[in-house]
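A short write-up of the structure that comes next.
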Amino acid sequence: MCGVVGYVGSKDAVAVLLDGLRRLEYRGYDSAGVAVLNGRGVETRKLAGRIAALRDLVAREPVHGTCGIGHTRWATHGAPTEQNAHPHTDCTGTLALVHNGIVENADLLRLQLERAGHRFATETDTETLAHLIEAAAGDTLEERVIAALALVEGTYGLAVISEADPRKIVVARRGSPLLIGVGGGECLVASDASAVLAHTRSVVYLDDGDVAVLTPEGYRVLDGDARPQVRTVDEIEWDLETLALGGYPHFMLKEICEQPETVRSTLRGRLLPVAGTARLNGLNVAAAQCAYIRRIVIVACGTSWHAGLVGRHVIEELSGIPVGVEYASECRYGRKLRVPGTLTIAISQSGETADTVEALRAAKAAGSRVVGIVNVVGSTIAREADGGIYLHAGPEVGVASTKAFTSQLVALLLLGLHLGRQRGLSVEDGRELAAQLAQLPELVARTLELEPEVQALAQRYADANNALYLGRGVNFPVALEGALKLKEISYIHAEGYPAAEMKHGPIALIDENMPVVFLAPKDQVYAKALSNMQEVKARGGHIIAITSEGNGDLCHLADHELRVPACPPLLSPVLTVIPLQLLAYHIAVLRGCDVDRPRNLAKSVTVE
């Protein structure tokens with residue numbers, strides 16, 4: 001969840017660290033800090049607050065050096081205070097570290113260290129790491145880090161500096177992403193490539209269990225026994241411009257408006273219109289293997305889980321393969337049935353979601369073939385899965401996912417088409433679906449033209465305390481996603497429900513103050529959705545209908561209509577979700593909320 005960055009070279013480390021932290025702030029933003037080696041030892045600046053406040057603090061109390069580490073925090077252990085902000089130091093103040101992850105045996109370690117005379121200054125689990133390294137045996141910093149980590153249970157993305165090794169950063173990874181940025185006469189470390197892109201495009205993604213030593217002259221990667229390891233150097237393909245607002249007031253709005261292009265990018269080079277199928281070379285599932293798939297299990301969290309629910313409808317309809325969708329956080333602890341012919345699909349925008357990574361590993365241990373649907377090249381899921389589909393949606397900075405969700409839906413449609421053609425879907429039906437998919441970017445662009453109408457609706461409902469989102473079939477998950485977006489960024493309580501289930505409980509909440517959003521595009525359950533609208537109308541609820549062009553007038557039922565372009569039912573979630581993204585965004589803006597950095601949330605959930 002937190003952002004880690006480090007620099008060693010010839011430049012002013014503090015400037016590099018602050019710029020990197022600014023780009024990592026979406027990973028956590030309740031406190032921040034830096035520590036540098038300046039020839040007089042380790043000097044830190046930290047506070048409860050955001051990177052802008054840290055920049056002001058450093059301007060008032062300057063600190064300089066050419067080797068340093070920085071951190072932006074999403075609190076787990078201990079409140080977001082200056083005391084608990086990273087970096088943390090040992091008893092002598094000559095060693096400092098930053099950490100993303102959770103030390104699960106921190107209480108026991110703390111007790112043992114206190115008995116040995118160590119003095120703790122914070123409530124965090126991370127501080128135990130500083131004292132463990134202080135107490136560890138070894139002639140070099142890396143030897144002491146390796147010895148200390150042998151005692152740790154949990155996860156970490158760790159960067160350590162020490163006065164005893166003044167031109168060196170030691171980093172370690174287990175369960176929390178870290179990469180090395182390789183430049184001429186300098187090295188960087190970060191939890192995300194965005195923090196190093198201003199300095200280098202060459203990166204090394206660390207594996208679990210890796211320990212790396214960074215100096216201005218280069219880097220070495222070691223395992224837990226200090227044996228050298230070889231890691232490939234990859235090149236980042238995207239540019240810093242993609243991380244800029246580009247004239248938009250918020251990243252969330254920018255990313256919503258980018259969806260015609262991100263959908264096009266997910267489709268690019270993958271549709272085979274004449275053959276009526278999709279080319280998914282990275283999937284690594286041969287035609288013969290497709291024939292032996294007996295069931296598919298999708299594991300994901302949050303928005304990605306909603307995409308998985310849509311994917312179930314898509315894959316079952318197109319291929320006839322039974323699909324189950326499980327919360328990764330629950331799946332990882334359930335009994336793993338060894339069922340021959342199981343394919344597991346792990347969906348995660350970041351490719352680093354801790355629960356999804358562990359669910360993937362559990363599935364592999366149970367004998368399942370695993371593929372990933374991720375947005376980040378080089379991420380843990382991308383590297384550990386047997387194959388997969390990259391979204392190619394570009395960096396998503398807004399904490400509330402938008403463009404990644406629609407790209408996930410498109411990737412699942414491509415997968416459904418691919419599997420369907422291997423399992424009996426006719427070439428004619430495949431060609432028709434391929435042609436429809438090719439039209440999606442233009443339909444998304446037309447859907448975005450609804451923004452002025454959505455903005456007017458936001459004015460009407462910005463003061464609501466509760467909202468209900470209802471959908472049926474393939475659009476029920478869109479109702480869940482719309483409700484999630486509203487509560488994530490506006491803090492309005494919202495629930496998504498299957499429309500027919502409303503009368504089994506939620507109908508008790510409906511009154512003249514309750515906005516009810518219906519997903520009602522033209523499909524096989526459209527008439528049923530109209531009946532559910534009647535039930536809401538009879539109880540005084542205010543109905544917002546997301547429907548299709550050409551569906552006829554709904555003014556006798558709905559207070560407001562938003563019409564997306566007509567399209568086949570399986571494709572409709574890609575369009576119907578967009579007005580809901582815009583509605584959540586504009587309501588949050590009107591309520592004065594921090595749209596890109598909603599309270600208590602962070603972008604990449606790398607802790608359990």
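Going through the structure tokens in order, the chains are called A, B, and so on, while each chain numbers its residues from 1 and the ligands are numbered from 1 in the order shown.
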
TODO: Tell me, as a ChimeraX atom specification, which residues lie within 6 Å of stretch 203-210 of chain A, counting only C-alpha atoms; anything in the same chain fewer than 4 positions away does not count.
DONE: /A:172-174,178-182,222-223,233-234

* To do: Can you pull out every residue within 12 Å of A:Leu443, counting only C-alpha atoms, but drop anything in the same chain fewer than 3 positions away, and send it as a count of residues only?
  => 30

Q.
Env of A:Asp225: 12 Å cut, atoms = only C-alpha atoms, seq-sep filter 2 positions within chain, self excluded. Answer as a ChimeraX atom specification.
A. /A:142-147,149-150,209-211,221-223,227-229

Can those selected residues be exported to a file as a PDB file, in the first residue's frame so that it contains N, CA and C atoms?
ATOM      1  N   GLU A 142      24.319  -5.418   4.155  1.00  0.00           N
ATOM      2  CA  GLU A 142      23.506  -6.474   3.545  1.00  0.00           C
ATOM      3  C   GLU A 142      23.535  -7.760   4.357  1.00  0.00           C
ATOM      4  N   GLU A 143      24.668  -8.074   4.979  1.00  0.00           N
ATOM      5  CA  GLU A 143      24.737  -9.270   5.819  1.00  0.00           C
ATOM      6  C   GLU A 143      23.815  -9.135   7.022  1.00  0.00           C
ATOM      7  N   ARG A 144      23.770  -7.945   7.592  1.00  0.00           N
ATOM      8  CA  ARG A 144      22.903  -7.740   8.757  1.00  0.00           C
ATOM      9  C   ARG A 144      21.426  -7.753   8.354  1.00  0.00           C
ATOM     10  N   VAL A 145      21.106  -7.198   7.198  1.00  0.00           N
ATOM     11  CA  VAL A 145      19.720  -7.225   6.722  1.00  0.00           C
ATOM     12  C   VAL A 145      19.271  -8.663   6.494  1.00  0.00           C
ATOM     13  N   ILE A 146      20.104  -9.455   5.821  1.00  0.00           N
ATOM     14  CA  ILE A 146      19.752 -10.855   5.557  1.00  0.00           C
ATOM     15  C   ILE A 146      19.560 -11.612   6.861  1.00  0.00           C
ATOM     16  N   ALA A 147      20.451 -11.399   7.828  1.00  0.00           N
ATOM     17  CA  ALA A 147      20.329 -12.089   9.120  1.00  0.00           C
ATOM     18  C   ALA A 147      19.053 -11.680   9.849  1.00  0.00           C
ATOM     19  N   LEU A 149      16.209 -10.462   8.536  1.00  0.00           N
ATOM     20  CA  LEU A 149      14.994 -10.885   7.848  1.00  0.00           C
ATOM     21  C   LEU A 149      14.714 -12.369   8.019  1.00  0.00           C
ATOM     22  N   ALA A 150      15.723 -13.141   8.365  1.00  0.00           N
ATOM     23  CA  ALA A 150      15.514 -14.563   8.638  1.00  0.00           C
ATOM     24  C   ALA A 150      14.602 -14.775   9.844  1.00  0.00           C
ATOM     25  N   GLY A 209      12.065 -12.835  -1.993  1.00  0.00           N
ATOM     26  CA  GLY A 209      13.276 -13.409  -1.433  1.00  0.00           C
ATOM     27  C   GLY A 209      14.544 -12.701  -1.856  1.00  0.00           C
ATOM     28  N   ASP A 210      14.446 -11.774  -2.806  1.00  0.00           N
ATOM     29  CA  ASP A 210      15.631 -11.050  -3.264  1.00  0.00           C
ATOM     30  C   ASP A 210      16.084 -10.004  -2.244  1.00  0.00           C
ATOM     31  N   VAL A 211      17.392  -9.863  -2.126  1.00  0.00           N
ATOM     32  CA  VAL A 211      18.030  -8.753  -1.421  1.00  0.00           C
ATOM     33  C   VAL A 211      18.962  -8.104  -2.426  1.00  0.00           C
ATOM     34  N   VAL A 221      22.163  -8.390  -6.919  1.00  0.00           N
ATOM     35  CA  VAL A 221      20.992  -9.066  -6.362  1.00  0.00           C
ATOM     36  C   VAL A 221      21.453 -10.363  -5.712  1.00  0.00           C
ATOM     37  N   LEU A 222      21.011 -10.591  -4.476  1.00  0.00           N
ATOM     38  CA  LEU A 222      21.386 -11.768  -3.704  1.00  0.00           C
ATOM     39  C   LEU A 222      20.126 -12.518  -3.268  1.00  0.00           C
ATOM     40  N   ASP A 223      20.302 -13.790  -2.911  1.00  0.00           N
ATOM     41  CA  ASP A 223      19.195 -14.507  -2.279  1.00  0.00           C
ATOM     42  C   ASP A 223      19.383 -14.482  -0.767  1.00  0.00           C
ATOM     43  N   ARG A 227      23.806 -15.501  -1.978  1.00  0.00           N
ATOM     44  CA  ARG A 227      24.325 -15.984  -3.255  1.00  0.00           C
ATOM     45  C   ARG A 227      23.864 -15.064  -4.380  1.00  0.00           C
ATOM     46  N   PRO A 228      24.749 -14.704  -5.293  1.00  0.00           N
ATOM     47  CA  PRO A 228      24.376 -13.793  -6.382  1.00  0.00           C
ATOM     48  C   PRO A 228      23.267 -14.376  -7.254  1.00  0.00           C
ATOM     49  N   GLN A 229      22.361 -13.494  -7.696  1.00  0.00           N
ATOM     50  CA  GLN A 229      21.253 -13.866  -8.562  1.00  0.00           C
ATOM     51  C   GLN A 229      21.288 -13.004  -9.821  1.00  0.00           C
TER      52      GLN A 229
END

Closest atom pairs, residues of stretch 233-316 of chain A within 10 Å of stretch 588-604 of chain A, only C-alpha atoms, as CSV:
residue,atom,partner,partner_atom,distance
A:Pro249,CA,A:Val595,CA,9.8
A:His250,CA,A:Asp596,CA,6.5
A:Phe251,CA,A:Asp596,CA,6.3
A:Met252,CA,A:Asp596,CA,6.1
A:Leu253,CA,A:Val595,CA,9.1

Same residues, N, CA and C atoms, saved as a CSV table (one decimal), in the first residue's frame:
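Writing the result to result15.csv gives the following:
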chain,number,residue,atom,x,y,z
A,249,PRO,N,-8.9,18.6,-14.1
A,249,PRO,CA,-8.8,18.9,-12.7
A,249,PRO,C,-8.4,17.8,-11.8
A,250,HIS,N,-8.7,16.5,-12.2
A,250,HIS,CA,-8.3,15.4,-11.4
A,250,HIS,C,-7.9,14.2,-12.3
A,251,PHE,N,-7.1,13.3,-11.8
A,251,PHE,CA,-6.7,12.1,-12.6
A,251,PHE,C,-7.9,11.2,-12.8
A,252,MET,N,-8.9,11.2,-11.9
A,252,MET,CA,-10.0,10.3,-12.1
A,252,MET,C,-10.8,10.7,-13.4
A,253,LEU,N,-11.0,12.0,-13.5
A,253,LEU,CA,-11.8,12.5,-14.7
A,253,LEU,C,-10.9,12.2,-16.0

Select from stretch 27-53 of chain A every residue with an atom at most 10 Å from any atom of stretch 85-92 of chain A, then for each give the shortest pair of atoms and their distance in Å to one decimal, using only C-alpha atoms, rows by chain and rising number, as a tab-separated table.
residue	atom	partner	partner_atom	distance
A:Asp30	CA	A:Ala85	CA	8.7
A:Ser31	CA	A:Ala85	CA	5.6
A:Ala32	CA	A:Ala85	CA	6.0
A:Gly33	CA	A:His86	CA	5.7
A:Val34	CA	A:Pro87	CA	6.3
A:Ala35	CA	A:Pro87	CA	6.4
A:Val36	CA	A:Pro87	CA	10.0
A:Val42	CA	A:Thr89	CA	8.8
A:Glu43	CA	A:Thr89	CA	9.9
A:Thr44	CA	A:Pro87	CA	7.3
A:Arg45	CA	A:Pro87	CA	8.5
A:Lys46	CA	A:Ala85	CA	6.4
A:Leu47	CA	A:Ala85	CA	6.3
A:Ala48	CA	A:Ala85	CA	6.7
A:Gly49	CA	A:Ala85	CA	9.4

Any chance you can output those residues with C-alpha atoms as a CSV table (one decimal), in the first residue's frame?
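Once written, part_6.csv looks like this:
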chain,number,residue,atom,x,y,z
A,30,ASP,CA,-1.5,10.0,5.5
A,31,SER,CA,2.2,10.6,6.4
A,32,ALA,CA,5.5,10.9,4.7
A,33,GLY,CA,9.2,11.3,5.3
A,34,VAL,CA,12.8,11.1,4.0
A,35,ALA,CA,16.1,10.1,5.5
A,36,VAL,CA,19.5,11.0,3.9
A,42,VAL,CA,21.5,9.9,9.1
A,43,GLU,CA,19.2,12.9,9.1
A,44,THR,CA,15.4,12.6,8.7
A,45,ARG,CA,12.4,14.9,8.0
A,46,LYS,CA,8.9,13.4,8.4
A,47,LEU,CA,5.4,14.5,9.3
A,48,ALA,CA,1.7,13.5,9.4
A,49,GLY,CA,0.4,14.8,6.1

Of A:Gly20, A:Gly78, A:Pro216, A:Gly247, the one sitting nearest A:Leu197 when using only C-alpha atoms is A:Gly20

As an mmCIF file with C-alpha atoms, in the first residue's frame, which residues of stretch 226-349 of chain A does DSSP assign to alpha helix (DSSP H)?
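To be explicit, this is the file written out as result.cif:
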data_model
loop_
_atom_site.group_PDB
_atom_site.id
_atom_site.type_symbol
_atom_site.label_atom_id
_atom_site.label_comp_id
_atom_site.auth_asym_id
_atom_site.auth_seq_id
_atom_site.Cartn_x
_atom_site.Cartn_y
_atom_site.Cartn_z
ATOM 1 C CA PHE A 251 -6.740 12.136 -12.568
ATOM 2 C CA MET A 252 -10.035 10.311 -12.138
ATOM 3 C CA LEU A 253 -11.769 12.484 -14.725
ATOM 4 C CA LYS A 254 -8.766 12.235 -17.035
ATOM 5 C CA GLU A 255 -8.827 8.454 -16.787
ATOM 6 C CA ILE A 256 -12.583 8.276 -17.361
ATOM 7 C CA CYS A 257 -12.153 10.361 -20.502
ATOM 8 C CA GLN A 259 -11.428 5.147 -22.007
ATOM 9 C CA PRO A 260 -12.038 5.269 -25.774
ATOM 10 C CA GLU A 261 -8.270 4.994 -26.243
ATOM 11 C CA THR A 262 -7.647 2.497 -23.431
ATOM 12 C CA VAL A 263 -10.370 0.208 -24.756
ATOM 13 C CA ARG A 264 -8.778 0.527 -28.196
ATOM 14 C CA SER A 265 -5.366 -0.321 -26.707
ATOM 15 C CA THR A 266 -6.715 -3.466 -25.046
ATOM 16 C CA LEU A 267 -8.210 -4.568 -28.372
ATOM 17 C CA ALA A 287 -6.019 -25.154 -28.434
ATOM 18 C CA ALA A 288 -5.724 -28.720 -27.187
ATOM 19 C CA GLN A 289 -5.601 -27.484 -23.580
ATOM 20 C CA CYS A 290 -8.762 -25.408 -24.099
ATOM 21 C CA ALA A 291 -10.646 -28.594 -24.883
ATOM 22 C CA GLY A 302 -12.862 -4.965 -5.247
ATOM 23 C CA THR A 303 -13.437 -3.538 -8.707
ATOM 24 C CA SER A 304 -11.562 -6.448 -10.293
ATOM 25 C CA TRP A 305 -14.001 -8.849 -8.598
ATOM 26 C CA HIS A 306 -16.861 -6.967 -10.233
ATOM 27 C CA ALA A 307 -15.109 -7.398 -13.580
ATOM 28 C CA GLY A 308 -14.860 -11.100 -12.807
ATOM 29 C CA LEU A 309 -18.615 -11.294 -12.253
ATOM 30 C CA VAL A 310 -19.158 -9.807 -15.712
ATOM 31 C CA GLY A 311 -16.565 -12.231 -17.052
ATOM 32 C CA ARG A 312 -18.541 -15.172 -15.693
ATOM 33 C CA HIS A 313 -21.535 -14.225 -17.846
ATOM 34 C CA VAL A 314 -19.321 -13.634 -20.872
ATOM 35 C CA ILE A 315 -17.285 -16.837 -20.670
ATOM 36 C CA GLU A 316 -20.199 -19.099 -19.814
ATOM 37 C CA GLU A 317 -22.327 -17.769 -22.657
ATOM 38 C CA LEU A 318 -19.596 -17.869 -25.287
ATOM 39 C CA SER A 319 -17.756 -21.056 -24.308
ATOM 40 C CA ALA A 328 -9.339 -13.663 -3.406
ATOM 41 C CA SER A 329 -9.190 -12.762 0.292
ATOM 42 C CA GLU A 330 -11.617 -15.587 1.086
ATOM 43 C CA CYS A 331 -10.406 -18.029 -1.540
#

Report task. To one decimal in Å, tell me the separation between atom CA of A:Gly93 and atom CA of A:Gly117. Result ->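 For atom CA of A:Gly93 relative to atom CA of A:Gly117, the distance reads 15.1 Å.
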
Residue contacts of stretch 464-476 of chain A (8 Å, only C-alpha atoms) excluding same-chain residues fewer than 4 positions away, as number ranges by chain: A: 309-310, 313, 480, 482-483, 492-500, 502, 513-520, 525, 529, 569-570, 572-573, 576

_Can you pull out the residues contacting A:Leu425? Cut-off 10 Å, using only C-alpha atoms, and skip same-chain residues under 2 positions away; I want them as a count of residues only._
17
